[in-house]
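File shown: protein29.txt. Contents: compact mmCIF, C-alpha atoms and all ligand atoms.
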# COMPACT_ATOMS: atom_id res chain seq x y z
CA MET A 9 -6.11 4.19 13.70
CA SER A 10 -7.39 1.79 13.15
CA VAL A 11 -6.37 0.63 16.65
CA TYR A 12 -7.63 -2.88 17.13
CA THR A 13 -5.28 -3.84 19.96
CA ARG A 14 -4.76 -1.50 22.92
CA LEU A 15 -1.32 -1.45 24.52
CA THR A 16 -0.09 -0.25 27.90
CA ALA A 17 3.26 1.35 28.71
CA GLU A 18 4.20 -1.95 30.40
CA ASP A 19 3.54 -3.84 27.14
CA ILE A 20 5.83 -1.51 25.21
CA ASP A 21 8.52 -1.49 27.94
CA ARG A 22 8.59 -5.26 27.75
CA LEU A 23 8.97 -5.16 23.97
CA LEU A 24 11.73 -2.54 24.13
CA GLY A 25 13.75 -4.91 26.31
CA ASP A 26 14.38 -6.95 23.16
CA TYR A 27 15.82 -3.94 21.28
CA ALA A 28 18.77 -1.60 21.85
CA ILE A 29 16.82 1.59 21.15
CA GLY A 30 16.56 3.15 24.60
CA GLU A 31 13.81 3.64 27.17
CA LEU A 32 10.17 4.50 26.48
CA GLU A 33 9.36 8.22 26.69
CA TYR A 34 5.99 8.46 24.91
CA PHE A 35 3.58 6.39 22.88
CA GLN A 36 0.38 7.19 21.03
CA GLY A 37 -2.00 5.18 18.84
CA ILE A 38 -2.20 6.28 15.20
CA SER A 39 -5.64 6.80 13.76
CA GLU A 40 -4.79 6.41 10.06
CA GLY A 41 -4.60 3.02 8.40
CA ILE A 42 -7.12 0.26 8.05
CA THR A 43 -5.61 -3.16 8.48
CA ASN A 44 -3.06 -2.99 11.29
CA THR A 45 -2.69 -1.38 14.70
CA ASN A 46 0.04 1.28 14.70
CA TYR A 47 1.60 3.30 17.52
CA PHE A 48 4.13 6.10 17.49
CA VAL A 49 6.81 5.20 20.05
CA ASP A 50 9.44 7.71 21.22
CA THR A 51 12.40 6.47 23.24
CA THR A 52 15.49 8.09 24.71
CA LEU A 53 17.32 7.12 21.49
CA GLY A 54 14.86 7.99 18.72
CA ARG A 55 11.40 7.87 17.20
CA TRP A 56 9.79 4.67 15.95
CA VAL A 57 6.54 3.21 14.70
CA LEU A 58 5.26 -0.01 16.22
CA THR A 59 2.94 -2.14 14.09
CA LEU A 60 0.83 -4.99 15.43
CA PHE A 61 -0.25 -7.15 12.52
CA GLU A 62 -3.95 -7.86 12.76
CA ALA A 63 -4.40 -9.99 9.66
CA LEU A 64 -1.01 -11.37 8.61
CA GLU A 65 0.40 -14.54 10.12
CA PRO A 66 3.93 -14.58 11.57
CA ALA A 67 5.11 -16.86 8.75
CA GLU A 68 4.06 -14.27 6.17
CA LEU A 69 5.97 -11.38 7.72
CA PRO A 70 9.63 -12.11 6.94
CA TYR A 71 8.97 -11.43 3.22
CA TYR A 72 7.77 -7.89 3.94
CA LEU A 73 10.30 -7.03 6.64
CA ASN A 74 13.24 -8.39 4.63
CA LEU A 75 12.00 -6.52 1.54
CA MET A 76 11.76 -3.24 3.48
CA ASP A 77 15.29 -3.80 4.79
CA HIS A 78 16.57 -4.63 1.28
CA LEU A 79 15.03 -1.52 -0.29
CA ALA A 80 16.26 0.75 2.49
CA GLY A 81 19.76 -0.71 2.03
CA LEU A 82 19.63 0.33 -1.64
CA GLY A 83 18.57 3.86 -0.78
CA VAL A 84 14.85 3.67 -1.56
CA PRO A 85 13.26 6.02 0.98
CA GLY A 86 10.90 3.94 3.05
CA ALA A 87 9.97 2.35 6.32
CA HIS A 88 13.06 0.54 7.60
CA PRO A 89 12.60 -2.22 10.15
CA VAL A 90 14.63 -2.11 13.37
CA ALA A 91 16.58 -5.25 14.24
CA ARG A 92 16.12 -6.79 17.67
CA ARG A 93 19.12 -7.58 19.86
CA ASP A 94 19.02 -11.12 18.42
CA GLY A 95 19.14 -9.78 14.83
CA GLY A 96 15.54 -10.60 13.87
CA PHE A 97 12.89 -8.11 12.80
CA LEU A 98 9.81 -9.94 14.05
CA SER A 99 8.47 -9.65 17.59
CA HIS A 100 5.28 -10.71 19.39
CA LEU A 101 3.18 -8.49 21.60
CA ALA A 102 -0.35 -8.71 23.01
CA GLY A 103 -0.96 -11.91 21.11
CA ARG A 104 -0.01 -10.34 17.77
CA PRO A 105 3.05 -10.47 15.56
CA ALA A 106 4.75 -7.06 15.79
CA ALA A 107 7.58 -5.01 14.30
CA LEU A 108 9.25 -1.67 14.95
CA VAL A 109 10.28 0.56 12.05
CA TYR A 110 12.16 3.85 12.02
CA ARG A 111 9.72 6.73 12.12
CA LEU A 112 10.06 8.71 8.89
CA ARG A 113 9.95 12.47 8.78
CA GLY A 114 7.37 14.26 6.68
CA ARG A 115 3.67 13.79 6.11
CA SER A 116 1.32 12.45 3.50
CA LEU A 117 -0.56 14.89 1.25
CA VAL A 118 -4.23 15.09 0.38
CA THR A 119 -3.71 17.38 -2.61
CA PRO A 120 -0.26 16.78 -4.09
CA ASP A 121 0.84 19.02 -6.98
CA PRO A 122 2.69 17.92 -10.16
CA ALA A 123 6.11 18.47 -8.51
CA HIS A 124 5.16 16.00 -5.76
CA CYS A 125 3.96 13.64 -8.47
CA ALA A 126 7.28 13.86 -10.32
CA ALA A 127 9.11 13.00 -7.08
CA LEU A 128 6.79 10.03 -6.60
CA GLY A 129 7.31 8.76 -10.18
CA ALA A 130 11.09 8.81 -9.70
CA THR A 131 10.84 7.01 -6.34
CA VAL A 132 8.58 4.28 -7.71
CA ALA A 133 11.01 3.62 -10.57
CA GLU A 134 13.82 3.35 -7.96
CA LEU A 135 11.70 0.93 -5.95
CA HIS A 136 11.07 -1.25 -9.02
CA ARG A 137 14.76 -1.25 -9.98
CA ALA A 138 15.93 -1.98 -6.42
CA GLY A 139 13.44 -4.85 -6.18
CA GLU A 140 15.19 -6.67 -9.03
CA SER A 141 17.94 -7.84 -6.67
CA PHE A 142 15.51 -9.03 -3.96
CA PRO A 143 15.63 -12.83 -4.09
CA ASP A 144 12.24 -13.79 -2.59
CA ARG A 145 9.06 -13.91 -4.62
CA GLN A 146 5.58 -13.64 -3.25
CA ALA A 147 2.31 -13.72 -5.19
CA ASN A 148 -0.17 -10.86 -4.94
CA SER A 149 -2.41 -11.63 -1.96
CA ARG A 150 -5.09 -9.39 -3.50
CA GLY A 151 -4.86 -10.82 -7.04
CA LEU A 152 -7.69 -12.11 -9.22
CA ALA A 153 -8.08 -15.38 -7.32
CA TRP A 154 -8.69 -13.41 -4.10
CA ILE A 155 -11.04 -11.03 -5.89
CA ALA A 156 -13.12 -13.89 -7.31
CA ALA A 157 -13.31 -15.65 -3.93
CA THR A 158 -14.27 -12.41 -2.17
CA ARG A 159 -16.95 -11.78 -4.80
CA ASP A 160 -18.61 -15.04 -3.74
CA GLU A 161 -18.58 -13.97 -0.08
CA LEU A 162 -20.02 -10.56 -0.99
CA ALA A 163 -22.69 -11.82 -3.40
CA ASP A 164 -25.62 -11.61 -0.97
CA HIS A 165 -24.72 -8.05 0.04
CA LEU A 166 -24.54 -6.50 -3.42
CA ALA A 167 -27.16 -4.67 -5.45
CA ALA A 168 -27.96 -6.31 -8.79
CA GLY A 169 -26.16 -3.62 -10.83
CA ASP A 170 -22.99 -3.92 -8.76
CA LYS A 171 -23.07 -7.70 -9.03
CA THR A 172 -23.39 -7.54 -12.81
CA LEU A 173 -20.52 -5.04 -13.08
CA LEU A 174 -18.34 -7.08 -10.75
CA ASP A 175 -18.94 -10.36 -12.55
CA ASP A 176 -18.40 -8.83 -15.96
CA GLU A 177 -15.16 -7.16 -14.91
CA ILE A 178 -13.81 -10.30 -13.25
CA ALA A 179 -14.54 -12.26 -16.46
CA SER A 180 -12.83 -9.57 -18.60
CA GLN A 181 -9.78 -9.59 -16.36
CA GLN A 182 -9.58 -13.38 -16.38
CA ALA A 183 -9.71 -13.37 -20.19
CA PHE A 184 -6.98 -10.75 -20.64
CA ASP A 185 -3.43 -11.94 -21.32
CA TYR A 186 -1.07 -10.07 -18.98
CA THR A 187 1.83 -12.50 -19.50
CA PRO A 188 3.89 -10.25 -21.85
CA LEU A 189 4.16 -7.56 -19.17
CA PRO A 190 7.37 -7.17 -17.14
CA ARG A 191 7.12 -8.08 -13.47
CA GLY A 192 9.07 -7.45 -10.31
CA VAL A 193 8.61 -6.24 -6.76
CA ILE A 194 5.66 -3.87 -6.44
CA HIS A 195 4.29 -2.00 -3.44
CA ALA A 196 0.71 -2.59 -4.64
CA ASP A 197 -0.94 0.01 -2.36
CA LEU A 198 0.73 3.33 -3.19
CA PHE A 199 -2.12 5.62 -2.28
CA ARG A 200 -1.42 9.19 -1.16
CA ASP A 201 -1.58 8.15 2.48
CA ASN A 202 1.31 5.73 1.99
CA VAL A 203 3.82 8.31 0.71
CA LEU A 204 5.40 10.86 3.05
CA PHE A 205 6.91 14.11 1.78
CA GLU A 206 9.22 16.73 3.20
CA ASP A 207 8.75 19.78 1.02
CA ARG A 208 8.72 18.27 -2.47
CA HIS A 209 10.95 15.29 -1.69
CA VAL A 210 9.64 11.83 -0.92
CA SER A 211 10.81 11.18 2.64
CA GLY A 212 9.46 7.65 2.60
CA LEU A 213 7.05 5.01 1.38
CA ILE A 214 5.19 3.16 4.11
CA ASP A 215 2.80 0.22 4.50
CA PHE A 216 4.52 -2.45 2.42
CA TYR A 217 2.16 -5.18 3.59
CA TYR A 218 0.60 -5.79 0.20
CA ALA A 219 3.98 -5.80 -1.59
CA CYS A 220 4.49 -8.75 -3.90
CA HIS A 221 5.97 -9.94 -7.18
CA ASP A 222 3.61 -8.77 -9.89
CA HIS A 223 3.39 -6.46 -12.90
CA TRP A 224 5.22 -3.18 -12.41
CA LEU A 225 2.42 -1.50 -14.35
CA PHE A 226 -0.04 -2.37 -11.58
CA ASP A 227 1.74 0.02 -9.19
CA LEU A 228 1.32 2.80 -11.74
CA ALA A 229 -2.35 2.03 -12.24
CA VAL A 230 -2.97 2.18 -8.47
CA ILE A 231 -1.16 5.52 -8.41
CA CYS A 232 -3.00 6.92 -11.43
CA ASN A 233 -6.36 6.01 -9.89
CA ASP A 234 -5.63 7.63 -6.54
CA TRP A 235 -3.20 10.49 -7.26
CA CYS A 236 -4.51 11.66 -10.63
CA HIS A 237 -8.26 11.72 -10.17
CA GLN A 238 -10.35 14.31 -8.36
CA PRO A 239 -12.89 13.08 -5.79
CA ASP A 240 -15.56 13.52 -8.49
CA GLY A 241 -13.60 11.22 -10.81
CA ARG A 242 -12.13 13.86 -13.12
CA HIS A 243 -8.65 12.99 -14.41
CA LEU A 244 -5.72 15.29 -13.54
CA PRO A 245 -3.56 15.08 -16.70
CA ASP A 246 -0.70 17.29 -15.44
CA HIS A 247 -0.31 15.14 -12.33
CA TRP A 248 -0.25 12.01 -14.45
CA ARG A 249 2.23 13.39 -16.98
CA ALA A 250 4.59 14.38 -14.14
CA ILE A 251 4.52 10.85 -12.67
CA VAL A 252 4.97 9.07 -16.00
CA ASP A 253 7.73 11.35 -17.30
CA ALA A 254 9.77 10.92 -14.13
CA TYR A 255 9.16 7.16 -14.07
CA ARG A 256 9.92 6.35 -17.70
CA ARG A 257 13.21 8.25 -17.67
CA ARG A 258 14.36 5.53 -15.26
CA ARG A 259 12.37 2.61 -16.69
CA PRO A 260 10.87 2.99 -20.18
CA PHE A 261 7.59 1.22 -20.87
CA THR A 262 7.35 -1.75 -23.22
CA PRO A 263 4.80 -1.74 -26.09
CA ALA A 264 2.85 -4.47 -24.26
CA GLU A 265 2.51 -2.19 -21.24
CA VAL A 266 1.17 0.65 -23.36
CA GLU A 267 -1.39 -1.73 -24.86
CA ALA A 268 -2.40 -3.24 -21.51
CA TRP A 269 -2.80 0.11 -19.73
CA PRO A 270 -6.62 0.45 -19.97
CA MET A 271 -7.11 -3.07 -18.58
CA MET A 272 -4.56 -2.44 -15.82
CA LEU A 273 -6.37 0.71 -14.73
CA ARG A 274 -9.53 -1.36 -14.52
CA ALA A 275 -7.72 -4.12 -12.60
CA ALA A 276 -6.50 -1.60 -10.01
CA ALA A 277 -9.96 -0.04 -9.63
CA LEU A 278 -11.50 -3.51 -9.28
CA ARG A 279 -9.02 -4.60 -6.61
CA PHE A 280 -9.75 -1.65 -4.33
CA TRP A 281 -13.48 -1.65 -5.02
CA VAL A 282 -13.61 -5.26 -3.84
CA SER A 283 -11.36 -4.80 -0.80
CA ARG A 284 -13.36 -1.76 0.30
CA LEU A 285 -16.60 -3.68 -0.18
CA ALA A 286 -15.21 -6.49 1.96
CA ASP A 287 -14.07 -4.03 4.69
CA TRP A 288 -17.51 -2.39 4.52
CA HIS A 289 -19.61 -5.52 4.79
CA PHE A 290 -17.29 -7.56 7.01
CA PRO A 291 -15.58 -4.97 9.27
CA GLN A 292 -12.85 -5.92 11.71
CA SER A 293 -13.83 -5.00 15.27
CA GLY A 294 -11.63 -2.50 17.13
CA HIS A 295 -11.52 0.56 19.37
CA ASP A 296 -10.88 3.27 16.82
CA THR A 297 -11.31 2.08 13.29
CA HIS A 298 -12.30 3.57 9.99
CA GLN A 299 -13.36 2.33 6.59
CA LYS A 300 -13.13 3.80 3.13
CA ASP A 301 -16.05 4.28 0.79
CA PRO A 302 -16.12 1.61 -1.97
CA GLN A 303 -18.31 3.62 -4.37
CA PRO A 304 -15.61 5.89 -5.89
CA PHE A 305 -13.85 2.78 -7.19
CA ALA A 306 -17.03 1.41 -8.76
CA ASP A 307 -17.47 4.79 -10.45
CA LEU A 308 -13.84 4.86 -11.57
CA LEU A 309 -14.10 1.34 -12.94
CA ILE A 310 -17.11 2.35 -15.02
CA ALA A 311 -15.27 5.47 -16.23
CA HIS A 312 -12.23 3.39 -17.27
CA ARG A 313 -14.43 0.89 -19.10
CA ASN A 314 -15.83 3.82 -21.11
CA ALA A 315 -12.87 6.19 -21.62
CA PRO A 316 -9.60 5.36 -19.83
CA PRO A 317 -6.86 8.00 -19.67
CA ARG A 318 -3.86 7.15 -21.87
CA LEU A 319 -0.54 5.94 -20.50
CA LEU A 320 1.45 8.27 -22.78
CA ASN A 321 0.29 11.39 -24.56
N1 LIG B 1 7.61 4.55 9.27
C1 LIG B 1 6.68 5.49 9.52
N2 LIG B 1 7.06 6.74 9.78
C2 LIG B 1 6.13 7.70 10.06
N3 LIG B 1 4.81 7.48 10.12
C3 LIG B 1 4.38 6.24 9.88
C4 LIG B 1 5.27 5.18 9.55
N4 LIG B 1 4.55 4.05 9.37
C5 LIG B 1 3.26 4.39 9.58
N5 LIG B 1 3.15 5.70 9.88
C6 LIG B 1 1.89 6.42 10.20
O1 LIG B 1 0.93 5.45 10.54
C7 LIG B 1 -0.22 5.55 9.71
C8 LIG B 1 -0.82 4.18 9.46
O2 LIG B 1 0.18 3.33 8.88
P1 LIG B 1 -0.20 2.28 7.76
O3 LIG B 1 1.03 1.48 7.52
O4 LIG B 1 -0.80 2.99 6.59
O5 LIG B 1 -1.29 1.41 8.51
P2 LIG B 1 -2.17 0.23 7.92
O6 LIG B 1 -1.25 -0.92 7.69
O7 LIG B 1 -3.20 -0.06 8.94
O8 LIG B 1 -2.75 0.77 6.64
C9 LIG B 1 0.27 6.27 8.49
O9 LIG B 1 -0.74 6.98 7.84
C10 LIG B 1 1.34 7.20 9.04
O10 LIG B 1 0.74 8.36 9.57
N1 LIG B 2 -5.22 1.91 0.25
C1 LIG B 2 -6.39 1.08 0.42
C2 LIG B 2 -6.52 0.62 1.83
C3 LIG B 2 -5.53 -0.46 2.13
O1 LIG B 2 -5.63 -0.80 3.47
P1 LIG B 2 -4.50 -0.31 4.52
O2 LIG B 2 -4.76 -1.14 5.70
O3 LIG B 2 -3.17 -0.56 3.90
O4 LIG B 2 -4.71 1.18 4.78
C4 LIG B 2 -7.66 1.86 0.06
O5 LIG B 2 -7.59 3.09 0.01
O6 LIG B 2 -8.69 1.21 -0.12
I'd like the structure from this file rewritten - as structure tokens, please.
Ligand SMILES: Nc1ncnc2c1ncn2[C@@H]1O[C@H](COP(=O)(O)OP(=O)(O)O)[C@@H](O)[C@H]1O
Ligand SMILES: N[C@@H](CCOP(=O)(O)O)C(=O)O
Amino acid sequence: MSVYTRLTAEDIDRLLGDYAIGELEYFQGISEGITNTNYFVDTTLGRWVLTLFEALEPAELPYYLNLMDHLAGLGVPGAHPVARRDGGFLSHLAGRPAALVYRLRGRSLVTPDPAHCAALGATVAELHRAGESFPDRQANSRGLAWIAATRDELADHLAAGDKTLLDDEIASQQAFDYTPLPRGVIHADLFRDNVLFEDRHVSGLIDFYYACHDHWLFDLAVICNDWCHQPDGRHLPDHWRAIVDAYRRRRPFTPAEVEAWPMMLRAAALRFWVSRLADWHFPQSGHDTHQKDPQPFADLLIAHRNAPPRLLN
């Protein structure tokens, strides 16, 4: 988990009364994840995942749950919310907003190969295309304004070199003109642990709770940083080529995207460096929580400022 909120069988029984998905057979906290509390829940009628939202407010949740429902309806493999008996997706449990989604088959991969990457590239293009008919628009909650505000909160905790790098990168990002780039629905957190595979097929994308309306290219930069770099920072060109070739067959890049690519890679590294720094210095309290090391993203940011991998070969 992170499991921040502990539940009893009675809590879950009470919740299940609002759904037509059978009786509780088994439940277990999930140790992966950072922000929310998640439980696997098996009932007499199927397998589900229960999320208790630890940071999002109830008013923020319909965007995500409706988006997940929209994408699933258009065939994008992903977490699909379960409707309550009253038709809504949002519940409340243990003082938290909560939702049940269908449990997807498959598992996430630590070391995907280029065939997995090709499957991912195709799925992300489908996600971006399917998002075009989603009517709601939501700004990126982890955009530059959030990064700049978080920088101020972190200032006293940072070494001088990190502070200089952070300030310089924020200024460079603020000065760059991203307006010519196409935008739409993005997932915004497509790390390896948010993509489940069965064999070499994507069985589902999960964790849509940073999804927003922003540059499509940002999703690809997040993916390139996580899927196509070794732990020591070395680029994996075959992995990247597989993702890009599958993606651009379904949505070709614009010249502005090709030009903006080095800055977008930096933007994606910056975003996760800062969020990991914030999780590190201001941890949420919980029973079984984990944090991710910020340093690899500082290193990656420096590498991209010196010699970013190309979008196209
Ligand atoms: N719909 C789902 N089907 C199967 N497993 C899921 C599903 N949603 C979440 N999980 C499991 O729960 C873990 C944590 O979920 P995640 O959404 O990443 O949590 P967090 O929001 O805290 O990051 C995932 O790594 C995965 O193992
Ligand atoms: N993928 C991010 C973590 C985002 O938080 P989560 O709660 O969605 O797991 C990272 O690796 O830093």
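Using only C-alpha atoms and all ligand atoms, the shortest contact distance between ligand LIG 1 (chain B) and any of A:Asp246, A:Asp301, A:Asp227, A:Asp197 is found at A:Asp197.
If only C-alpha atoms and all ligand atoms are the atoms counted, then among A:Ala275, A:Ala219, A:Leu15, A:Ala168 the closest residue to ligand LIG 2 (chain B) is A:Ala219.
Closest approach to ligand LIG 2 (chain B) among A:Leu213, A:Ala127, A:Ala147, A:Leu198: A:Leu198, based on only C-alpha atoms and all ligand atoms.
Atom CA of A:His289 to atom CA of A:Pro239 spans 22.4 Å [interatomic distance, one decimal].
Nearest to ligand LIG 2 (chain B) of all the residues A:Ile214, A:Leu244, A:Val193, A:Ala17 is A:Ile214, based on only C-alpha atoms and all ligand atoms.
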Can you build me a table of chain A residues sitting at most 6 Å from ligand LIG 1 (chain B), with the closest atom pair per residue and its distance in Å to one decimal, using all atoms listed in the file, sorted by chain and residue number, as CSV?
residue,atom,partner,partner_atom,distance
A:Ile38,CA,B:LIG1,O1,5.7
A:Glu40,CA,B:LIG1,C8,4.6
A:Gly41,CA,B:LIG1,O8,3.4
A:Ile42,CA,B:LIG1,O7,4.0
A:Thr43,CA,B:LIG1,O7,4.0
A:Asn44,CA,B:LIG1,O7,3.8
A:Thr45,CA,B:LIG1,O7,5.9
A:Asn46,CA,B:LIG1,O1,6.0
A:Val57,CA,B:LIG1,C4,5.7
A:Ala87,CA,B:LIG1,N1,4.4
A:Val109,CA,B:LIG1,N1,5.5
A:Tyr110,CA,B:LIG1,N1,5.4
A:Arg111,CA,B:LIG1,N2,3.5
A:Leu112,CA,B:LIG1,N2,3.7
A:Asp201,CA,B:LIG1,O9,5.6
A:Asn202,CA,B:LIG1,O4,5.8
A:Ile214,CA,B:LIG1,N4,5.4
A:Asp215,CA,B:LIG1,O3,3.7
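Separating atom CA of A:Pro122 from atom CA of A:Asp240 is a distance of 18.8 Å.
If you look at atom CA of A:Phe184 and atom CA of A:Pro316, they are 16.3 Å away from each other.
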Reconstruct N, CA and C atoms of stretch 236-249 of chain A; output as an mmCIF file, keeping the file's coordinate frame.
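The result, stored in result-v9.cif:
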data_model
loop_
_atom_site.group_PDB
_atom_site.id
_atom_site.type_symbol
_atom_site.label_atom_id
_atom_site.label_comp_id
_atom_site.auth_asym_id
_atom_site.auth_seq_id
_atom_site.Cartn_x
_atom_site.Cartn_y
_atom_site.Cartn_z
ATOM 1 N N CYS A 236 -4.265 10.871 -9.415
ATOM 2 C CA CYS A 236 -4.510 11.660 -10.630
ATOM 3 C C CYS A 236 -5.988 11.736 -10.971
ATOM 4 N N HIS A 237 -6.828 11.535 -9.974
ATOM 5 C CA HIS A 237 -8.260 11.720 -10.170
ATOM 6 C C HIS A 237 -8.825 12.559 -9.026
ATOM 7 N N GLN A 238 -9.665 13.497 -9.374
ATOM 8 C CA GLN A 238 -10.350 14.310 -8.360
ATOM 9 C C GLN A 238 -11.371 13.435 -7.637
ATOM 10 N N PRO A 239 -11.848 13.858 -6.467
ATOM 11 C CA PRO A 239 -12.890 13.080 -5.790
ATOM 12 C C PRO A 239 -14.120 12.835 -6.673
ATOM 13 N N ASP A 240 -14.412 13.752 -7.601
ATOM 14 C CA ASP A 240 -15.560 13.520 -8.490
ATOM 15 C C ASP A 240 -15.198 12.667 -9.704
ATOM 16 N N GLY A 241 -13.980 12.145 -9.746
ATOM 17 C CA GLY A 241 -13.600 11.220 -10.810
ATOM 18 C C GLY A 241 -12.884 11.869 -11.984
ATOM 19 N N ARG A 242 -12.807 13.223 -11.982
ATOM 20 C CA ARG A 242 -12.130 13.860 -13.120
ATOM 21 C C ARG A 242 -10.636 13.568 -13.096
ATOM 22 N N HIS A 243 -10.075 13.292 -14.280
ATOM 23 C CA HIS A 243 -8.650 12.990 -14.410
ATOM 24 C C HIS A 243 -7.831 14.271 -14.276
ATOM 25 N N LEU A 244 -6.635 14.146 -13.683
ATOM 26 C CA LEU A 244 -5.720 15.290 -13.540
ATOM 27 C C LEU A 244 -4.517 15.034 -14.462
ATOM 28 N N PRO A 245 -4.583 15.466 -15.720
ATOM 29 C CA PRO A 245 -3.560 15.080 -16.700
ATOM 30 C C PRO A 245 -2.158 15.585 -16.362
ATOM 31 N N ASP A 246 -2.040 16.776 -15.761
ATOM 32 C CA ASP A 246 -0.700 17.290 -15.440
ATOM 33 C C ASP A 246 -0.040 16.457 -14.336
ATOM 34 N N HIS A 247 -0.847 16.010 -13.390
ATOM 35 C CA HIS A 247 -0.310 15.140 -12.330
ATOM 36 C C HIS A 247 0.191 13.838 -12.947
ATOM 37 N N TRP A 248 -0.617 13.295 -13.863
ATOM 38 C CA TRP A 248 -0.250 12.010 -14.450
ATOM 39 C C TRP A 248 0.997 12.134 -15.297
ATOM 40 N N ARG A 249 1.056 13.203 -16.114
ATOM 41 C CA ARG A 249 2.230 13.390 -16.980
ATOM 42 C C ARG A 249 3.495 13.515 -16.123
#
